[in-house]
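Encoded as structure tokens, the structure appears first; notes follow it.
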Amino acid sequence: MGEKDGYAEPVDPWATAEAAAVAAGHQLPHQMSPEDDVTWTIAGTPTAPATVEKPVVKAYRKRVLILVVAGVVALGLTAAVVFWPGVRALDFHPVEEIARFDPAVAISSAWSDAEVIGDRAYFASSDADGRLGVVAVDTDGQEVVWSNPAAGVSTLWDRMIALPVGLVVFSHLESGTGKMQMRVLGADDGTVLWNRMLGGSDVVHIGADTMVLVDRVESRLLGLDLASGKVRWEEKDPDSTTVVTVTTPADLAGPAGSAGRPFSPNVSDDDRFVQINSDRSVSVRDIRTGKIAKTRPSVASTSDEVVAHDGRLFVQESGNAQRIFAYDLETLGEPATLHTAAPAASMSDLTPCGESRLCFVETAGYRHDKDQVVAVDAVKGGEVWRRDVADVESLTPVGESLLVVADESSTFLDANGDPMWTVPGVAVRLDAGNVLRFSDSLTTSVSSRSLSGVHVGDEATEMGLLRDVRPGACGWNTTVLACVRESDFALFSFA
């Protein structure tokens, strides 16, 4: 996606930022399992967004992706906030419908969705018989690239993710077999490149040209060629290991979903993944070859929350005393202790949140109305800031700042953890310096939402109503929204 006339001159030459973090579960690249409905982990797929102007200095190449199956309270917005240079203010304008497209398969009450990656939008729909149709659209020319009315058949389709190679779609678990379909459609013409049945607890991790499959039915770990599905490498995995891909700050510098999943991460700067074994040992491995670079015993259990980001492995130790440790991925030497939770408190949602910082939610007991968002030094340890934000659902980094989506509202915390604004509804990241705000939750029923856009440190720009769409079936880049409507698809311009 080119940096063209969607940008306005920045108010402050320093008003910019670069995102860093992972979700998936929220681990940043994409991780997916059939039971996980939050984020996907991707490492090594899409090209870097054109808005990322700060290079990431690394000696290795990354090619990994993980996929696991209104009123504004203004709190002193000011352009005096200092951010990393490189991300300019988007030129937000009133939202405008610019094109409509017929579905390949009639839209029904069954599953439908839209995904955007770069200047390509994918629209999917399924009918009452489970037939899946997909339409690919060029968002710049507003033209259909291809339409495939026979992308697959399943009782119920579940989700999809756009990649440079094309589109990966997943069905729900079939009640008769206990398995789910995974189908890969080619970007050029929409033909099915390959498909595979997955078990109910299998997990997929996708790189630029390699997919790692944790096959828990046959107790295997596989490296599959993403274009053909052929096995590149394989090994036995009798202990049901956990796999986490390694991310970098550039992975979170582009558009992301409401749970923090990046739509177009820069996955070209680290091709490693971390394997966590049942004996608590970990191995740092190459996703294309499966070769082990480093191994260390006694690091984490397969149930611990783990994030691998920017050359470090973060482990949230479970048990009576909850602590967060950080290991250097190059050496896997002795860890630094970053944080120890208060007695009877729990931690969740580990999220890199700026240069050399790690954010998470700390909850006293089970009182989520008492949630606190905490930032710690990701290298030396020690608390940087702590803020009360009730009922936190997700954390998304926006440069050095942090977007906190709660039960019915979204709050933006600056680099010091100070609230810059709180609004009803859902806010999402567009890039490392700009945020898109929806006035209400993102449901799949046809409705309308007020939109506003915010460049970090500036006042919000109201953009009017996004009308008659299924908000939960929309995707976006930094200039357009692609949405499923009642009976067709539409593109909307907003910047």
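For the structure tokens, the naming scheme is as follows: chains receive sequential letters (A, B, ...) according to their order of presentation, residues are indexed from 1 within each chain, and ligands are indexed from 1 in presentation order.
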
Item checked: Selection near Met160 of chain A, 8 Å with only C-alpha atoms, sequence-local residues under 3 positions removed, as a list in words -> Asp113, Glu115, Leu167, Val168, Val169 and Phe170 of chain A

List as CSV every residue of segment 332-359 of chain A that is in contact with segment 282-302 of chain A, defined as an atom at most 12 Å from one of its atoms (using only C-alpha atoms), together with the nearest atom pair and the distance in Å rounded to one decimal, sorted by chain and then rising number.
residue,atom,partner,partner_atom,distance
A:Leu332,CA,A:Arg296,CA,6.4
A:Gly333,CA,A:Arg296,CA,8.2
A:Glu334,CA,A:Arg296,CA,9.8
A:Pro335,CA,A:Val299,CA,9.2

Next item on the list: Quick one: pick out all strand (DSSP E) residues within segment 50-289 of chain A from a backbone DSSP run and write them as a VMD selection string.
Entry: chain A and resid 64 to 67 73 to 74 96 to 101 112 to 117 120 to 126 131 to 138 143 to 153 157 to 163 166 to 171 179 to 186 192 to 199 203 to 206 210 to 215 220 to 225 231 to 236 242 to 247 272 to 276 282 to 286

Check: Between atom CA of Thr245 of chain A and atom CA of Asp271 of chain A, what is the spacing in Å?
Finding: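 Separation between atom CA of Asp271 of chain A and atom CA of Thr245 of chain A: 8.2 Å.
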
When you look at Lys179 of chain A with a cut-off of 8 Å (counting only C-alpha atoms), what residues show up, excluding the ones that are within fewer than 4 positions of it in the same chain? I need them as a PDB file with N, CA, C and O atoms, in the first residue's frame.
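File selection14.pdb, as written:
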ATOM      1  N   LEU A 173     -15.384 -26.817  13.410  1.00  0.00           N
ATOM      2  CA  LEU A 173     -15.243 -28.257  13.560  1.00  0.00           C
ATOM      3  C   LEU A 173     -16.509 -28.942  13.059  1.00  0.00           C
ATOM      4  O   LEU A 173     -17.623 -28.532  13.400  1.00  0.00           O
ATOM      5  N   GLU A 174     -16.336 -29.959  12.235  1.00  0.00           N
ATOM      6  CA  GLU A 174     -17.471 -30.722  11.735  1.00  0.00           C
ATOM      7  C   GLU A 174     -17.910 -31.706  12.813  1.00  0.00           C
ATOM      8  O   GLU A 174     -17.084 -32.456  13.353  1.00  0.00           O
ATOM      9  N   SER A 175     -19.203 -31.711  13.142  1.00  0.00           N
ATOM     10  CA  SER A 175     -19.689 -32.566  14.224  1.00  0.00           C
ATOM     11  C   SER A 175     -19.478 -34.049  13.930  1.00  0.00           C
ATOM     12  O   SER A 175     -19.236 -34.845  14.832  1.00  0.00           O
ATOM     13  N   MET A 197      -7.269 -31.225   6.362  1.00  0.00           N
ATOM     14  CA  MET A 197      -8.141 -31.365   7.521  1.00  0.00           C
ATOM     15  C   MET A 197      -7.297 -31.224   8.788  1.00  0.00           C
ATOM     16  O   MET A 197      -6.204 -31.780   8.888  1.00  0.00           O
ATOM     17  N   LEU A 198      -7.813 -30.465   9.761  1.00  0.00           N
ATOM     18  CA  LEU A 198      -7.123 -30.246  11.024  1.00  0.00           C
ATOM     19  C   LEU A 198      -7.930 -30.828  12.171  1.00  0.00           C
ATOM     20  O   LEU A 198      -9.165 -30.814  12.143  1.00  0.00           O
ATOM     21  N   GLY A 199      -7.225 -31.302  13.178  1.00  0.00           N
ATOM     22  CA  GLY A 199      -7.878 -31.805  14.371  1.00  0.00           C
ATOM     23  C   GLY A 199      -8.355 -30.667  15.254  1.00  0.00           C
ATOM     24  O   GLY A 199      -7.940 -29.511  15.103  1.00  0.00           O
ATOM     25  N   GLY A 200      -9.207 -30.991  16.207  1.00  0.00           N
ATOM     26  CA  GLY A 200      -9.802 -29.968  17.060  1.00  0.00           C
ATOM     27  C   GLY A 200      -8.821 -29.215  17.922  1.00  0.00           C
ATOM     28  O   GLY A 200      -9.115 -28.109  18.374  1.00  0.00           O
TER      29      GLY A 200
END

Please list as a PDB file with all heavy atoms, in the first residue's frame every residue within 12 Å of Arg470 of chain A, counting only C-alpha atoms and excluding residues in the same chain fewer than 4 positions away.
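Saved result, out-v6.pdb, follows:
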ATOM      1  N   ILE A 107     -25.199 -13.929   0.158  1.00  0.00           N
ATOM      2  CA  ILE A 107     -24.993 -13.731   1.596  1.00  0.00           C
ATOM      3  C   ILE A 107     -26.235 -14.209   2.340  1.00  0.00           C
ATOM      4  O   ILE A 107     -27.367 -13.879   1.974  1.00  0.00           O
ATOM      5  CB  ILE A 107     -24.722 -12.249   1.904  1.00  0.00           C
ATOM      6  CG1 ILE A 107     -23.444 -11.795   1.174  1.00  0.00           C
ATOM      7  CG2 ILE A 107     -24.586 -12.016   3.398  1.00  0.00           C
ATOM      8  CD1 ILE A 107     -23.221 -10.296   1.236  1.00  0.00           C
ATOM      9  N   SER A 109     -27.631 -15.881   6.505  1.00  0.00           N
ATOM     10  CA  SER A 109     -27.402 -15.710   7.940  1.00  0.00           C
ATOM     11  C   SER A 109     -26.184 -16.488   8.404  1.00  0.00           C
ATOM     12  O   SER A 109     -25.771 -16.385   9.567  1.00  0.00           O
ATOM     13  CB  SER A 109     -28.631 -16.175   8.725  1.00  0.00           C
ATOM     14  OG  SER A 109     -28.913 -17.541   8.435  1.00  0.00           O
ATOM     15  N   TRP A 111     -21.977 -17.571   7.930  1.00  0.00           N
ATOM     16  CA  TRP A 111     -20.769 -16.760   8.104  1.00  0.00           C
ATOM     17  C   TRP A 111     -20.434 -15.930   6.859  1.00  0.00           C
ATOM     18  O   TRP A 111     -20.607 -16.363   5.719  1.00  0.00           O
ATOM     19  CB  TRP A 111     -19.600 -17.688   8.419  1.00  0.00           C
ATOM     20  CG  TRP A 111     -18.267 -17.008   8.523  1.00  0.00           C
ATOM     21  CD1 TRP A 111     -17.756 -16.352   9.606  1.00  0.00           C
ATOM     22  CD2 TRP A 111     -17.272 -16.925   7.495  1.00  0.00           C
ATOM     23  NE1 TRP A 111     -16.505 -15.871   9.312  1.00  0.00           N
ATOM     24  CE2 TRP A 111     -16.188 -16.201   8.036  1.00  0.00           C
ATOM     25  CE3 TRP A 111     -17.208 -17.376   6.183  1.00  0.00           C
ATOM     26  CZ2 TRP A 111     -15.030 -15.941   7.312  1.00  0.00           C
ATOM     27  CZ3 TRP A 111     -16.056 -17.116   5.445  1.00  0.00           C
ATOM     28  CH2 TRP A 111     -14.987 -16.406   6.003  1.00  0.00           C
ATOM     29  N   SER A 112     -19.957 -14.715   7.097  1.00  0.00           N
ATOM     30  CA  SER A 112     -19.392 -13.859   6.053  1.00  0.00           C
ATOM     31  C   SER A 112     -18.337 -12.971   6.704  1.00  0.00           C
ATOM     32  O   SER A 112     -18.357 -12.755   7.915  1.00  0.00           O
ATOM     33  CB  SER A 112     -20.469 -13.005   5.378  1.00  0.00           C
ATOM     34  OG  SER A 112     -21.116 -12.170   6.321  1.00  0.00           O
ATOM     35  N   ASP A 113     -17.421 -12.437   5.892  1.00  0.00           N
ATOM     36  CA  ASP A 113     -16.365 -11.606   6.466  1.00  0.00           C
ATOM     37  C   ASP A 113     -15.641 -10.858   5.357  1.00  0.00           C
ATOM     38  O   ASP A 113     -15.830 -11.126   4.173  1.00  0.00           O
ATOM     39  CB  ASP A 113     -15.376 -12.476   7.253  1.00  0.00           C
ATOM     40  CG  ASP A 113     -14.589 -11.679   8.289  1.00  0.00           C
ATOM     41  OD1 ASP A 113     -14.852 -10.461   8.433  1.00  0.00           O
ATOM     42  OD2 ASP A 113     -13.710 -12.255   8.952  1.00  0.00           O
ATOM     43  N   ALA A 114     -14.796  -9.902   5.767  1.00  0.00           N
ATOM     44  CA  ALA A 114     -13.934  -9.152   4.846  1.00  0.00           C
ATOM     45  C   ALA A 114     -12.560  -8.988   5.473  1.00  0.00           C
ATOM     46  O   ALA A 114     -12.446  -8.798   6.687  1.00  0.00           O
ATOM     47  CB  ALA A 114     -14.539  -7.787   4.533  1.00  0.00           C
ATOM     48  N   SER A 441     -19.998  -1.357  19.527  1.00  0.00           N
ATOM     49  CA  SER A 441     -19.344  -2.644  19.356  1.00  0.00           C
ATOM     50  C   SER A 441     -19.433  -3.111  17.906  1.00  0.00           C
ATOM     51  O   SER A 441     -20.281  -2.655  17.136  1.00  0.00           O
ATOM     52  CB  SER A 441     -19.984  -3.677  20.285  1.00  0.00           C
ATOM     53  OG  SER A 441     -21.371  -3.787  20.006  1.00  0.00           O
ATOM     54  N   LEU A 442     -18.575  -4.053  17.539  1.00  0.00           N
ATOM     55  CA  LEU A 442     -18.508  -4.533  16.165  1.00  0.00           C
ATOM     56  C   LEU A 442     -19.292  -5.835  16.053  1.00  0.00           C
ATOM     57  O   LEU A 442     -18.740  -6.930  16.140  1.00  0.00           O
ATOM     58  CB  LEU A 442     -17.050  -4.723  15.728  1.00  0.00           C
ATOM     59  CG  LEU A 442     -16.162  -3.481  15.867  1.00  0.00           C
ATOM     60  CD1 LEU A 442     -14.770  -3.754  15.317  1.00  0.00           C
ATOM     61  CD2 LEU A 442     -16.789  -2.282  15.155  1.00  0.00           C
ATOM     62  N   THR A 443     -20.595  -5.716  15.837  1.00  0.00           N
ATOM     63  CA  THR A 443     -21.467  -6.872  15.716  1.00  0.00           C
ATOM     64  C   THR A 443     -21.600  -7.284  14.258  1.00  0.00           C
ATOM     65  O   THR A 443     -21.235  -6.531  13.349  1.00  0.00           O
ATOM     66  CB  THR A 443     -22.855  -6.565  16.287  1.00  0.00           C
ATOM     67  OG1 THR A 443     -23.476  -5.549  15.482  1.00  0.00           O
ATOM     68  CG2 THR A 443     -22.749  -6.065  17.725  1.00  0.00           C
ATOM     69  N   THR A 444     -22.174  -8.468  14.022  1.00  0.00           N
ATOM     70  CA  THR A 444     -22.350  -8.945  12.653  1.00  0.00           C
ATOM     71  C   THR A 444     -23.753  -8.668  12.106  1.00  0.00           C
ATOM     72  O   THR A 444     -24.055  -9.055  10.979  1.00  0.00           O
ATOM     73  CB  THR A 444     -22.053 -10.453  12.566  1.00  0.00           C
ATOM     74  OG1 THR A 444     -22.872 -11.158  13.505  1.00  0.00           O
ATOM     75  CG2 THR A 444     -20.585 -10.730  12.863  1.00  0.00           C
ATOM     76  N   SER A 445     -24.606  -8.020  12.882  1.00  0.00           N
ATOM     77  CA  SER A 445     -25.913  -7.624  12.373  1.00  0.00           C
ATOM     78  C   SER A 445     -25.767  -6.318  11.594  1.00  0.00           C
ATOM     79  O   SER A 445     -24.867  -5.515  11.856  1.00  0.00           O
ATOM     80  CB  SER A 445     -26.905  -7.448  13.521  1.00  0.00           C
ATOM     81  OG  SER A 445     -26.449  -6.475  14.435  1.00  0.00           O
ATOM     82  N   VAL A 446     -26.645  -6.110  10.629  1.00  0.00           N
ATOM     83  CA  VAL A 446     -26.569  -4.911   9.792  1.00  0.00           C
ATOM     84  C   VAL A 446     -26.964  -3.689  10.617  1.00  0.00           C
ATOM     85  O   VAL A 446     -28.042  -3.633  11.214  1.00  0.00           O
ATOM     86  CB  VAL A 446     -27.488  -5.034   8.561  1.00  0.00           C
ATOM     87  CG1 VAL A 446     -27.447  -3.752   7.737  1.00  0.00           C
ATOM     88  CG2 VAL A 446     -27.065  -6.225   7.706  1.00  0.00           C
ATOM     89  N   SER A 447     -26.095  -2.703  10.645  1.00  0.00           N
ATOM     90  CA  SER A 447     -26.336  -1.495  11.445  1.00  0.00           C
ATOM     91  C   SER A 447     -25.391  -0.411  10.953  1.00  0.00           C
ATOM     92  O   SER A 447     -24.663  -0.597   9.977  1.00  0.00           O
ATOM     93  CB  SER A 447     -26.116  -1.778  12.939  1.00  0.00           C
ATOM     94  OG  SER A 447     -24.827  -2.349  13.154  1.00  0.00           O
ATOM     95  N   SER A 448     -25.408   0.727  11.622  1.00  0.00           N
ATOM     96  CA  SER A 448     -24.533   1.847  11.251  1.00  0.00           C
ATOM     97  C   SER A 448     -23.683   2.254  12.448  1.00  0.00           C
ATOM     98  O   SER A 448     -24.083   2.059  13.599  1.00  0.00           O
ATOM     99  CB  SER A 448     -25.360   3.039  10.760  1.00  0.00           C
ATOM    100  OG  SER A 448     -26.143   2.694   9.634  1.00  0.00           O
ATOM    101  N   ARG A 449     -22.513   2.827  12.171  1.00  0.00           N
ATOM    102  CA  ARG A 449     -21.606   3.273  13.219  1.00  0.00           C
ATOM    103  C   ARG A 449     -21.045   4.637  12.854  1.00  0.00           C
ATOM    104  O   ARG A 449     -20.652   4.874  11.699  1.00  0.00           O
ATOM    105  CB  ARG A 449     -20.429   2.303  13.392  1.00  0.00           C
ATOM    106  CG  ARG A 449     -20.798   0.908  13.864  1.00  0.00           C
ATOM    107  CD  ARG A 449     -21.218   0.920  15.321  1.00  0.00           C
ATOM    108  NE  ARG A 449     -21.479  -0.426  15.812  1.00  0.00           N
ATOM    109  CZ  ARG A 449     -22.640  -1.054  15.688  1.00  0.00           C
ATOM    110  NH1 ARG A 449     -23.651  -0.465  15.069  1.00  0.00           N
ATOM    111  NH2 ARG A 449     -22.802  -2.275  16.179  1.00  0.00           N
ATOM    112  N   LEU A 466     -20.861   5.297   9.035  1.00  0.00           N
ATOM    113  CA  LEU A 466     -20.641   4.130   8.195  1.00  0.00           C
ATOM    114  C   LEU A 466     -21.979   3.389   8.185  1.00  0.00           C
ATOM    115  O   LEU A 466     -22.379   2.796   9.182  1.00  0.00           O
ATOM    116  CB  LEU A 466     -19.533   3.256   8.777  1.00  0.00           C
ATOM    117  CG  LEU A 466     -19.206   1.953   8.060  1.00  0.00           C
ATOM    118  CD1 LEU A 466     -18.594   2.230   6.690  1.00  0.00           C
ATOM    119  CD2 LEU A 466     -18.259   1.101   8.910  1.00  0.00           C
ATOM    120  N   CYS A 474     -15.972  -6.325   8.790  1.00  0.00           N
ATOM    121  CA  CYS A 474     -15.245  -5.277   8.056  1.00  0.00           C
ATOM    122  C   CYS A 474     -13.747  -5.484   8.231  1.00  0.00           C
ATOM    123  O   CYS A 474     -13.284  -5.971   9.265  1.00  0.00           O
ATOM    124  CB  CYS A 474     -15.612  -3.885   8.567  1.00  0.00           C
ATOM    125  SG  CYS A 474     -17.276  -3.321   8.189  1.00  0.00           S
ATOM    126  N   GLY A 475     -12.987  -5.089   7.215  1.00  0.00           N
ATOM    127  CA  GLY A 475     -11.539  -5.014   7.312  1.00  0.00           C
ATOM    128  C   GLY A 475     -11.107  -3.645   6.831  1.00  0.00           C
ATOM    129  O   GLY A 475     -11.891  -2.920   6.202  1.00  0.00           O
ATOM    130  N   LEU A 481     -12.251   1.119   4.125  1.00  0.00           N
ATOM    131  CA  LEU A 481     -12.905   0.030   4.840  1.00  0.00           C
ATOM    132  C   LEU A 481     -13.569  -0.881   3.817  1.00  0.00           C
ATOM    133  O   LEU A 481     -14.198  -0.405   2.869  1.00  0.00           O
ATOM    134  CB  LEU A 481     -13.981   0.566   5.775  1.00  0.00           C
ATOM    135  CG  LEU A 481     -13.545   1.184   7.100  1.00  0.00           C
ATOM    136  CD1 LEU A 481     -14.555   2.254   7.511  1.00  0.00           C
ATOM    137  CD2 LEU A 481     -13.466   0.112   8.168  1.00  0.00           C
ATOM    138  N   ALA A 482     -13.432  -2.201   4.014  1.00  0.00           N
ATOM    139  CA  ALA A 482     -14.140  -3.186   3.204  1.00  0.00           C
ATOM    140  C   ALA A 482     -15.142  -3.879   4.118  1.00  0.00           C
ATOM    141  O   ALA A 482     -14.757  -4.440   5.140  1.00  0.00           O
ATOM    142  CB  ALA A 482     -13.160  -4.201   2.618  1.00  0.00           C
ATOM    143  N   CYS A 483     -16.439  -3.827   3.773  1.00  0.00           N
ATOM    144  CA  CYS A 483     -17.473  -4.330   4.674  1.00  0.00           C
ATOM    145  C   CYS A 483     -18.492  -5.190   3.948  1.00  0.00           C
ATOM    146  O   CYS A 483     -18.824  -4.945   2.781  1.00  0.00           O
ATOM    147  CB  CYS A 483     -18.212  -3.175   5.354  1.00  0.00           C
ATOM    148  SG  CYS A 483     -17.194  -2.164   6.444  1.00  0.00           S
ATOM    149  N   VAL A 484     -19.009  -6.184   4.678  1.00  0.00           N
ATOM    150  CA  VAL A 484     -20.133  -6.972   4.204  1.00  0.00           C
ATOM    151  C   VAL A 484     -21.409  -6.221   4.556  1.00  0.00           C
ATOM    152  O   VAL A 484     -21.576  -5.746   5.678  1.00  0.00           O
ATOM    153  CB  VAL A 484     -20.141  -8.368   4.856  1.00  0.00           C
ATOM    154  CG1 VAL A 484     -21.346  -9.180   4.368  1.00  0.00           C
ATOM    155  CG2 VAL A 484     -18.831  -9.108   4.572  1.00  0.00           C
ATOM    156  N   ARG A 485     -22.334  -6.109   3.581  1.00  0.00           N
ATOM    157  CA  ARG A 485     -23.621  -5.470   3.806  1.00  0.00           C
ATOM    158  C   ARG A 485     -24.710  -6.537   3.921  1.00  0.00           C
ATOM    159  O   ARG A 485     -24.424  -7.710   4.113  1.00  0.00           O
ATOM    160  CB  ARG A 485     -23.921  -4.493   2.661  1.00  0.00           C
ATOM    161  CG  ARG A 485     -23.000  -3.270   2.661  1.00  0.00           C
ATOM    162  CD  ARG A 485     -23.111  -2.441   1.390  1.00  0.00           C
ATOM    163  NE  ARG A 485     -24.421  -2.470   0.790  1.00  0.00           N
ATOM    164  CZ  ARG A 485     -25.422  -1.629   1.098  1.00  0.00           C
ATOM    165  NH1 ARG A 485     -25.215  -0.686   2.006  1.00  0.00           N
ATOM    166  NH2 ARG A 485     -26.588  -1.716   0.490  1.00  0.00           N
ATOM    167  N   GLU A 486     -25.967  -6.153   3.802  1.00  0.00           N
ATOM    168  CA  GLU A 486     -27.075  -7.106   3.891  1.00  0.00           C
ATOM    169  C   GLU A 486     -26.996  -8.164   2.798  1.00  0.00           C
ATOM    170  O   GLU A 486     -27.115  -9.358   3.060  1.00  0.00           O
ATOM    171  CB  GLU A 486     -28.412  -6.358   3.790  1.00  0.00           C
ATOM    172  CG  GLU A 486     -29.640  -7.260   3.824  1.00  0.00           C
ATOM    173  CD  GLU A 486     -29.917  -7.833   5.189  1.00  0.00           C
ATOM    174  OE1 GLU A 486     -29.739  -7.120   6.198  1.00  0.00           O
ATOM    175  OE2 GLU A 486     -30.315  -9.011   5.256  1.00  0.00           O
ATOM    176  N   SER A 487     -26.781  -7.727   1.546  1.00  0.00           N
ATOM    177  CA  SER A 487     -26.786  -8.680   0.439  1.00  0.00           C
ATOM    178  C   SER A 487     -25.660  -8.460  -0.559  1.00  0.00           C
ATOM    179  O   SER A 487     -25.610  -9.112  -1.595  1.00  0.00           O
ATOM    180  CB  SER A 487     -28.126  -8.590  -0.310  1.00  0.00           C
ATOM    181  OG  SER A 487     -28.352  -7.259  -0.796  1.00  0.00           O
ATOM    182  N   ASP A 488     -24.720  -7.545  -0.251  1.00  0.00           N
ATOM    183  CA  ASP A 488     -23.578  -7.331  -1.128  1.00  0.00           C
ATOM    184  C   ASP A 488     -22.383  -6.825  -0.308  1.00  0.00           C
ATOM    185  O   ASP A 488     -22.434  -6.791   0.914  1.00  0.00           O
ATOM    186  CB  ASP A 488     -23.920  -6.389  -2.279  1.00  0.00           C
ATOM    187  CG  ASP A 488     -24.418  -5.008  -1.805  1.00  0.00           C
ATOM    188  OD1 ASP A 488     -24.343  -4.739  -0.579  1.00  0.00           O
ATOM    189  OD2 ASP A 488     -24.868  -4.216  -2.649  1.00  0.00           O
ATOM    190  N   PHE A 489     -21.340  -6.442  -0.998  1.00  0.00           N
ATOM    191  CA  PHE A 489     -20.115  -5.957  -0.356  1.00  0.00           C
ATOM    192  C   PHE A 489     -19.888  -4.494  -0.769  1.00  0.00           C
ATOM    193  O   PHE A 489     -20.345  -4.066  -1.825  1.00  0.00           O
ATOM    194  CB  PHE A 489     -18.905  -6.783  -0.778  1.00  0.00           C
ATOM    195  CG  PHE A 489     -19.064  -8.262  -0.585  1.00  0.00           C
ATOM    196  CD1 PHE A 489     -18.779  -9.148  -1.618  1.00  0.00           C
ATOM    197  CD2 PHE A 489     -19.506  -8.780   0.626  1.00  0.00           C
ATOM    198  CE1 PHE A 489     -18.914 -10.510  -1.449  1.00  0.00           C
ATOM    199  CE2 PHE A 489     -19.636 -10.145   0.809  1.00  0.00           C
ATOM    200  CZ  PHE A 489     -19.349 -11.013  -0.238  1.00  0.00           C
ATOM    201  N   ALA A 490     -19.145  -3.756   0.078  1.00  0.00           N
ATOM    202  CA  ALA A 490     -18.891  -2.346  -0.249  1.00  0.00           C
ATOM    203  C   ALA A 490     -17.527  -1.906   0.243  1.00  0.00           C
ATOM    204  O   ALA A 490     -17.000  -2.422   1.240  1.00  0.00           O
ATOM    205  CB  ALA A 490     -19.963  -1.447   0.374  1.00  0.00           C
TER     206      ALA A 490
END

Check: With only C-alpha atoms as the basis for distance, which of A:Gly425, A:Asp388, A:Val435, A:Gly472 is at the shortest distance from Asp458 of chain A?
Finding: A:Val435

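Using only C-alpha atoms, the residues found no farther than 7 Å from Ser401 of chain A, other than those of its own chain fewer than 3 positions away, are A:Cys353, A:Gly354, A:Pro397, A:Val398, A:Leu413, A:Asp414, A:Ala415.
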